[in-house]
Structure formats: C-alpha cells, structure tokens
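Reading through the structure tokens given below for one structure.
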Amino acid sequence: MDQFLTQLPQTIINGLTLGSVYAMIALGYSMVYGILKLLNFAHGDVYMVGAYIGYGMLLLLVPASGPLLPVPLVILLMLLVAMGGCALLGMAIERFAYRPLRNAPRIAPLISALGVSFILQNVIQLTISPRPLSYGSGTLIPVDSGLVLGDFRVSTSRLLVIGTTILLMLALTYFVRSTRTGRAMRAVAMDLDAAAMMGVDVDRVILITFLLGSALAGAAGVLVGIVFLSIQHTMGFLAGLKGFTASVVGGIGNIPGAVVGGLLLGMAEAFASVYISVTFKDAVAFFILVVVLLVKPGGLLGRVAVQKV
Amino acid sequence: MSTVENNPTPTVNPPESPESPRIGVDEWVAQAGQRQRQERGWWARLEQGWHSIPLTWRLGAAVIVVLLFPLVTNFAPVLNGLGLSSNNFIVRIGATFLAFSILAIGLNVVVGYAGLLDLGYVAFFGLAGYGYAYLSSDFIGAGVHLPSLLSVPLIIIFVAAIGWGLGALSLRLYGDYLAIVTLGFGILLVQLATTLTRVSLPWRDQPVDLTRGPNGINGLDNISLLGYELTSTVEYYYLFFLLLIAVIVVVYHLNNSRVGRAWRAMREDELAAEVMGMPTRRLKLLAFATGAAIAALSGTVFAAWQGNVVPNRYNVLALIDLYAMVVLGGAGSLPGVVVGAFIFTTLPEILRNPQLAGLLFYIGLLAGLIGWLKVSWRLVAVVGGTILGAIIFKLLVGAVWPALDTGIFPTEGSLLNRWVQWWLVIPPNFQLVGNLVIGGAVATLLLTLVLKHPWRWVTLGVSVYMFVFAWETRLAAEPSVTRILIVGTTLVVLMIVRPQGLFGKIQVSIV
C-alpha cells in the first residue's frame with residue numbers, strides 16, 4: 001500500500017502526459033471521421049513525420065556548440081515548423097489519396113489509407129534512418145528541472161506537454177465554436193450534402209479539417225520526442241491506433257470526447273504499466289476499446305449513432 | 001408481325017450471339033455497361049480471348065504448369081541458365097506462393113465475399129503457427145509431438161473458434177469499428193508473442209516463458225501423413241498445391257451455394273439482406289470462421305515447413321501484403337487472388353536481383369506513362385523530352401561544374417543501366433541527394449496531377465527524371481524497403497484507378 005501511494009503522483013503525471021499526446025492524435029482522427037466517416041490510418045504516420053521534422057529543426061537550431069536561440073524559442077520553432085509541415089502533408093494526403101475516392105465503395109479509401117501509411121513509414125526509413133533516433137532535448141531542458149511539489153517533482157518537459165496540449169485544445173475549441181469556418185466544419189460534419197447545398201465549400205472544409213488534425217498530430221510528435229527522447233519510423237502505427245481508440249472511447253466526432261478519451265487511455269496505460277505489468281500496457285488500450293464499444297457504442301460523451309436508411 | 005419483332009434490323013446494332021437479349025428489352029439495357037467495357041481496350045480483348053478458351057483447358061493448363069514446375073526447374077540446362085546450383089531456391093518461392101494463395105483466398109472469403117474488413121486476419125495465420133509449435137515440438141515440458149493428422153485439424157477447429165469469437169465480439173460494430181478492433185487484435189497478439197517471456201502463473205513458482213520472445217520457437221516437427229514424413233521443400237510444395245486445390249474447390253462451391261449468395265447480398269446491402277430474412281449475424285460469424293480456418297490450414301503447414309515460428313512473420317507488414325494480393329487481383333475473384341499472390345510473392349525475389357529489378361522498374365515506369373498518356377505523340381514528347389533535357393543538363397554540368405558529375409554508377413550491370421548512364425548526372429554524395437530527390441520526385445508528380453496548364457508535361461518530365469535518379473541511387477540498393485513502397489503505392493494507385501482490381505467486376509452502387 002505504501003508503494004502504491006508513493007508511486008501514485010508520478011503515475012498520474014505520466015498518465016496525463018501520455019493522455020495529452022493521445023488526445024492530440026485523437027482529435028485529428030475524430031474530426032476527419034466526423035466529416036468523412038473515413039478511418040485515416042495514415043494519421044499516426046503524420047504524427048511520426050512531425051516528430052522527424054522536429055528532430056530536423058533541433059539539429060538545425062542546436063548544433064553541438066549549444067543552442068543558437070533561447071531555448072523556449074527553439075521549442076516554439078520546432079513546434080511551429082512541425083505543425084506547418086504536417087499540415088501540408090495532411091492536406092496533400094487528402095487531396096491525392098482520399099479525394100479521388102470520395103464516391104468509391106467504403107473499403108477503397110481505407111485500403112488507400114493503409115497504403116499511404118506504409119509509404120510514409122518506408123520513405124522515412126529509406127531517407128533518414130531505420131534505427132531509432134535520439135532526440136537530444138536533454139541539452140535543451142535539464143532533466144532535473146521542474147516543479148517541486150512536496151515529495152515529488154513534475155519535470156519541465158511534462159509540464160510543457162500538458163501546457164501545450166491545453167493551449168492547443170483551447171485554440172481548436174475557439175476555432176470550431178466561434179469562427180465562420182468552424183461553423184462550416186460543424187455543418188459538414190452534421191450533413192455533408194445539406195451543407196454543400198447551403199453553399200458551403202465542402203472540399204475546402206475537408207482540407208481545413210485535415211490541416212488542423214495534421215498540425216495537432218505534428219505538435220504531438222515533437223512533444224513525444226521531447227518527453228520520451230526517442231523516435232522511430234514505426235512509432236506512428238500503434239500511436240495512431242491508440243489515438244483512434246481514444247477518439248472512439250470519448251465518442252467519435254466529438255472534440256471534448258477525444259480529449260476525455262485520450263486522458264482516460266493515457267491514465268489507464270500509465271496505471272497498468274506500474275501496477276500490473278509493462279507487458280500489458282498496450283493490451284489495456286485494446287481492452288478498454290472493446291469494453292466501451294460493447295457497453296456504450298457511442299463513446300463516453302457521444303450520442304449513439306442512429307443508422308438512417 | 002411477330003417475326004419482325006424477333007428479328008431486329010441488323011443495321012442498327014448486330015446481335016453478338018444468339019443468346020444475347022433482344023435490343024431494347026430490359027436485360028439488354030441492363031447490359032449496356034458491360035457491352036461498352038467489352039468493346040474497348042487491349043486488356044478487354046485479352047480478357048475476351050482468355051475467356052474463349054474452355055474453362056477445363058485453362059484450369060488444366062494451370063495445374064500442369066504448377067505440377068511440372070519443380071521438375072522443369074530441376075533440369076541442368078534450366079538451372080545453368082538461371083545460374084543456380086539447385087532448384088531449391090525457386091521451389092521455395094513456388095511453395096511460398098502456394099501458401100500465400102491459400103491465405104489470400106481465405107481473406108478473400110471474408111473481405112471479397114462477405115465484405116467484412118478484417119484487419120486481424122494475419123493473427124489467425126500466426127495463432128495456427130504457434131498452436132502447431134505447442135503441439136509438435138519440444139517446447140512444452142518434455143515435448144509434445146502429436147501426429148499431424150490429429151494436430152492440424154485440432155488447430156483448425158481451435159483457430160476457427162477464435163475467429164468466431166472475435167467475430168461475435170465485434171459483431172455489434174459495423175464497418176470501421178470492426179476494422180479497428182480486428183487490427184488491434186492482430187497487433188496485440190504479435191506484441192504478446194514478443195513480450196510474454198516471463199509470465200508468473202499462480203500455480204508455478206518461477207515465471208514461465210510462453211513464447212520465447214522475438215526469436216520464436218524452433219525445432220517444429222515436419223508434417224507426417226500416415227507415417228510418411230515430409231522433409232524436402234518439393235514435398236511441401238506439392239502438399240501446398242493439394243491444399244490449394246482443395247481450398248479452391250471448397251470456396252468455389254461455397255460461393256455458389258446459398259451461403260455464398262447470402263454473403264454477396266449482405267455485402268451489397270446488409271439492411272436489405274436482413275429484411276429479406278437472411279441471418280446476417282450467423283453469416284458474418286460463418287465468414288469469419290471460414291476465413292480463420294483457411295488461414296489456420298495454411299499457417300500450420302507453413303510453420304511446419306519453416307520449422308519455426310517468429311512473431312515478426314505475422315506483423316502488419318504481412319497483413320498489408322495479403323491485402324495487396326486480394327485487392328490487386330480483385331476482391332471476390334478467385335483467379336484474381338491467386339494472380340495477386342503470385343505477383344506479390346515473386347516481386348521481392350525479383351527486386352533482390354539488381355538486373356531484373358532495373359528492368360522491372362523501367363518497364364513499370366513506361367507502362368505507367370502509357371497507361372496515363374496512352375500511346376500518343378504526347379508520350380513520345382514526354383519521354384524524348386526527358387531524355388533530351390537530361391542530356392543537355394549533363395552537358396551543361398560537364399561544362400560548368402565538372403566535379404558535380406562523377407560518372408560513377410552506384411549500381412552496376414544491366415543493359416538498361418548502361419543505357420541510362422549516359423544521360424544521368426551522378427553527384428559525389430549521391431545517397432544524400434538521392435534521398436532528397438525521392439521527395440522531389442513525388443512532389444513534382446503530385447504537382448503534375450494538380451496543374452491544368454500545358455506546363456504540366458514539363459513537370460512530368462522532371463518527375464520522371466527524378467524517379468530514374470532516385471531509383472538508380474537509392475531504391476535499387478534497398479530492395480526490402482522498395483518492395484514495401486511498391487506495395488503501398490500499388491494500393492493507393494489501384495484504389496484510385498481501378499478499385500475492382502485486375503480481375504474483379506465493377507460494382508455499381510445504386511444509392
């Protein structure tokens with residue numbers, strides 16, 4: 001019991017960190033699914049590419065002699081460039097791999113998405129490295145810095161992840177709730193054909209959805225690199241799967257739901273790896289997915305989708 | 001009067017055969033699309049010619065080719081011609097092809113006939129392999145060695161039951177949820193197979209190794225049938241062939257039965273099928289179980305043939321390969337699936353040989369251009385312009401900055417390679433440049449797709465040049481990555497250009 005209590009705060013922090021990352025990935029899945037009913041398997045790989053873009057910026061801005069710019073600015077630039085690059089990538093994927101398939105049978109875009117996912121993974125493997133790369137961000141953020149609260153410590157990098165996530169979530173919520181384009185997005189998600197008839201430029205809205213989702217995934221990739229210090233070309237597939245799980249758990253197509261699902265999944269995984277066994281940490285996500293789908297198929301915050309004919 | 005009606009004027013549209021419906025009646029209108037497809041394209045003509053050969057002849061020819069294949073390749077002249085000392089290597093590729101054909105046919109039942117997107121299919125292949133490892137090796141205790149005729153059916157029943165269970169679990173999920181749950185199931189099993197090396201069980205003092213981790217389990221027994229033990233690859237080749245025939249016969253008749261018709265009805269419109277009184281729950285479970293059983297059949301024999309099981313054989317990569325096979329051939333078409341399996345099992349072997357790989361690449365590039373631009377002056381202009389531009393570029397580089405062109409080719413040998421050499425600039429650090437050019441090639445190709453201006457033929461030429469450069473400097477040197485890139489690209493392009501696959505029929509969805 002003692003051990004349980006001493007490990008509890010750290011586990012919660014770990015869970016929040018993981019959960020923030022899953023939430024960011026989940027948002028991209030959730031928004032795209034909400035609009036196109038498309039399972040974008042390539043989304044996890046967009047996140048992976050984001051981590052690599054961040055790595056490239058890190059190499060560029062922090063040579064062996066030390067950072068060229070103040071550290072917060074370096075991190076900000078890494079995030080911004082990765083988000084921009086991923087947004088472009090996401091839009092290109094939508095334009096070339098999914099848009100021609102808008103009216104194809106449901107299975108076609110799914111298979112196309114699998115293909116895109118494999119192309120991204122292997123282009124990175126071929127052009128950069130098949131081995132895991134070390135994100136030398138220890139030089140940026142000292143490992144022992146952080147917020148000390150009594151007996152335990154929240155490291156700066158974890159604070160950064162959680163803080164950035166909250167910030168991006170707020171920005172996204174504002175965008176979707178209060179802007180014209182956000183309203184168009186909600187309209188298209190509700191009924192694509194009706195929105196098109198009301199004069200919404202559906203193609204543009206879909207592109208913007210991919211832009212937003214991919215940018216968030218790119219940010220998540222950089223943050224994961226900063227916190228967990230290691231990136232690999234295969235990291236996207238499982239993360240994408242968990243991101244999707246998170247969005248389903250929270251209720252697909254629902255933005256607060258994706259956040260709740262992500263945090264829940266992150267917490268569950270952190271607790272499972274401390275109190276059960278690290279071996280089963282991936283199994284936990286899957287288990288939660290199956291249980292939620294069986295008990296509450298609409299997700300925690302979602303409404304049960306009524307199939308109309 | 002009736003004679004006039006029965007003989008429509010031949011000048012309007014001559015009937016193709018006596019059985020074809022009268023012009024103007026509903027059946028004739030319904031077949032309009034089919035007729036239109038039949039009449040154009042070299043592919044359609046090839047298909048027609050192929051279909052005019054009686055079915056028994058076609059099948060017989062295929063059977064004879066497969067039967068004689070190990071014998072022919074064992075001839076000394078053939079072996080010398082291929083530069084091999086024994087035909088073991090080729091027969092191994094053949095056996096892999098047959099094993100994957102069986103697997104792909106099983107996937108075809110689930111995806112092609114029943115229309116369920118099962119992304120955990122490889123897991124059944126793997127479960128069967130591990131099941132066989134437990135029942136026929138020294139792994140458990142002092143060693144369990146069941147006779148194959150007992151263990152194989154046991155495993156098939158067991159795996160089919162798991163398939164049924166997974167189906168039952170995910171039945172309440174429609175469409176995409178099914179895909180994600182099954183994909184999670186597949187990935188999870190591979191992970192567990194890699195990590196379950198120290199599991200503490202309540203009734204044992206020490207942690208137990210359930211899977212031997214990433215190295216897998218070795219020393220599996222051979223398949224033995226009534227005392228005759230199969231040892232050589234050729235024997236396994238013929239066993240796989242027998243199994244393939246059996247599976248094809250079963251699946252063919254299944255597809256033409258009540259169940260097969262119900263599956264197709266369900267695939268086309270689940271709600272309508274249910275309203276018509278078809279037990280969609282049972283049908284889905286049956287499809288899952290049938291697919292799993294076929295995967296298990298192939299999986300056990302494959303594991304026995306290899307003599308080991310390793311988790312990595314059953315990962316997502318294998319799944320993508322299988323999907324590529326089914327989709328390329330055309331989901332729902334048996335010969336298509338077998339052809340797909342043939343292409344994707346021989347492709348990696350071809351890529352391993354730099355000369356053949358180069359040949360394949362340039363043929364593929366040209367075929368792609370022909371498919372896009374058709375045989376036209378535009379095609380000649382693009383290809384000729386690319387080569388001409390490249391030569392001018394090379395001369396310019398030679399005049400302005402000679403150090404940039406080393407003239408040293410990273411890959412040596414083939415005829416085509418030498419032909420490309422005199423118009424390609426190879427800089428000193430070609431690997432780095434090649435990496436960048438891969439991105440450039442894709443970007444210019446995508447740009448070409450977007451541009452509406454005639455300039456796009458210029459960007460297409462630049463893209464072709466970059467692809468050739470990327471191939472010669474990077475892709476040809478990394479066959480394993482290149483193969484996956486080809487598989488991925490095939491999936492995307494095929495879905496856009498010909499979603500029904502090579503042999504599939506176009507599905508018209510009426511909304």
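Each chain in the structure tokens gets a letter, A, B and so on, in the order shown; residues start at 1 in every chain, and ligands are counted from 1 in the order they appear.
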
With 7 Å as the cut-off and only C-alpha atoms counted, what is the closest atom pair between each nearby residue of chain B and chain A? Distances in Å to one decimal, ordered by chain and number, as a tab-separated table.
residue	atom	partner	partner_atom	distance
B:Asp176	CA	A:Leu39	CA	6.8
B:Gly184	CA	A:Phe286	CA	6.3
B:Leu188	CA	A:Ala283	CA	6.3
B:Thr195	CA	A:Thr279	CA	6.2
B:Asn435	CA	A:Thr127	CA	4.9
B:Val481	CA	A:Asn122	CA	6.1
B:Leu485	CA	A:Ile119	CA	5.3
B:Gly488	CA	A:Gly115	CA	4.0
B:Thr489	CA	A:Gly115	CA	6.2
B:Leu491	CA	A:Gly115	CA	5.4
B:Val492	CA	A:Ser112	CA	4.4
B:Met495	CA	A:Ala108	CA	5.7
B:Ile496	CA	A:Pro100	CA	6.3
B:Pro499	CA	A:Ala108	CA	6.8

Which parts of stretch 8-254 of chain A does DSSP call helix (DSSP H, G or I) when run on the backbone here, written out as a ChimeraX atom specification? /A:8-36,43-61,71-101,107-127,137-139,156-178,180-190,192-197,202-228,235-250

What's the 8 Å shell around A:Ala270, counting only C-alpha atoms, without same-chain residues fewer than 5 positions away, as a PyMOL selection string? chain A and resi 11-12+14-15+18+281

Can you spit out the residues from that selection as a PDB file, in the first residue's frame, using C-alpha atoms?
ATOM      1  CA  THR A  11       1.854   7.710 -12.266  1.00  0.00           C
ATOM      2  CA  ILE A  12      -0.822  10.364 -12.539  1.00  0.00           C
ATOM      3  CA  ASN A  14       2.791  10.082 -16.544  1.00  0.00           C
ATOM      4  CA  GLY A  15      -0.803   9.317 -17.391  1.00  0.00           C
ATOM      5  CA  LEU A  18       0.602  10.226 -22.315  1.00  0.00           C
ATOM      6  CA  LYS A 281       0.148  -1.712 -21.325  1.00  0.00           C
TER       7      LYS A 281
END

Distance query B:Tyr238 at most 10 Å, only C-alpha atoms, self and fewer than 6 positions along chain excluded, as number ranges by chain: B: 66-67, 70, 94-95, 98, 244

List the neighbours of A:Val21 out to 8 Å using only C-alpha atoms; skip same-chain residues closer than 3 positions along the sequence, and give me the result as number ranges by chain. A: 17-18, 24-25, 161, 165, 220, 223-224, 262

Using only C-alpha atoms, which protein or nucleic acid residues come within 9 Å of A:Ile226? Drop anything in the same chain fewer than 4 positions from it, and give the result as a PyMOL selection string. chain A and resi 135-138+141+157-158+161+221-222+230

Would you export the selected residues with C-alpha atoms as a PDB file, in the first residue's frame, please?
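Final output, part.pdb:
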ATOM      1  CA  TYR A 135      16.053  13.468 -29.505  1.00  0.00           C
ATOM      2  CA  GLY A 136      18.889  15.139 -27.629  1.00  0.00           C
ATOM      3  CA  SER A 137      16.495  17.519 -25.916  1.00  0.00           C
ATOM      4  CA  GLY A 138      18.177  16.775 -22.589  1.00  0.00           C
ATOM      5  CA  ILE A 141      15.658  21.124 -20.886  1.00  0.00           C
ATOM      6  CA  SER A 157       9.159  18.663 -20.278  1.00  0.00           C
ATOM      7  CA  ARG A 158       6.000  17.064 -18.919  1.00  0.00           C
ATOM      8  CA  VAL A 161       3.433  18.722 -22.955  1.00  0.00           C
ATOM      9  CA  GLY A 221       5.094  14.151 -32.488  1.00  0.00           C
ATOM     10  CA  VAL A 222       7.502  16.905 -31.372  1.00  0.00           C
ATOM     11  CA  SER A 230      13.471   8.567 -28.802  1.00  0.00           C
TER      12      SER A 230
END

Compile the contact shell of stretch 104-121 of chain B as a list of chain:residue names: residues with an atom at most 6 Å away, counting only C-alpha atoms, same-chain residues fewer than 5 positions apart removed.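 Neighbouring residues, sequence-local ones excluded: B:Ala179, B:Thr182, B:Leu183, B:Phe185, B:Gly186, B:Trp263, B:Arg264, B:Arg267, B:Ala287, B:Gly291, B:Ile294, B:Leu322, B:Ala331, B:Gly332.
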
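Of the residues under consideration (B:Gly340, B:Gly307, B:Gly163, B:Gly129), B:Gly307 shows the shortest atom-to-atom contact distance to B:Asn218 when counting only C-alpha atoms.
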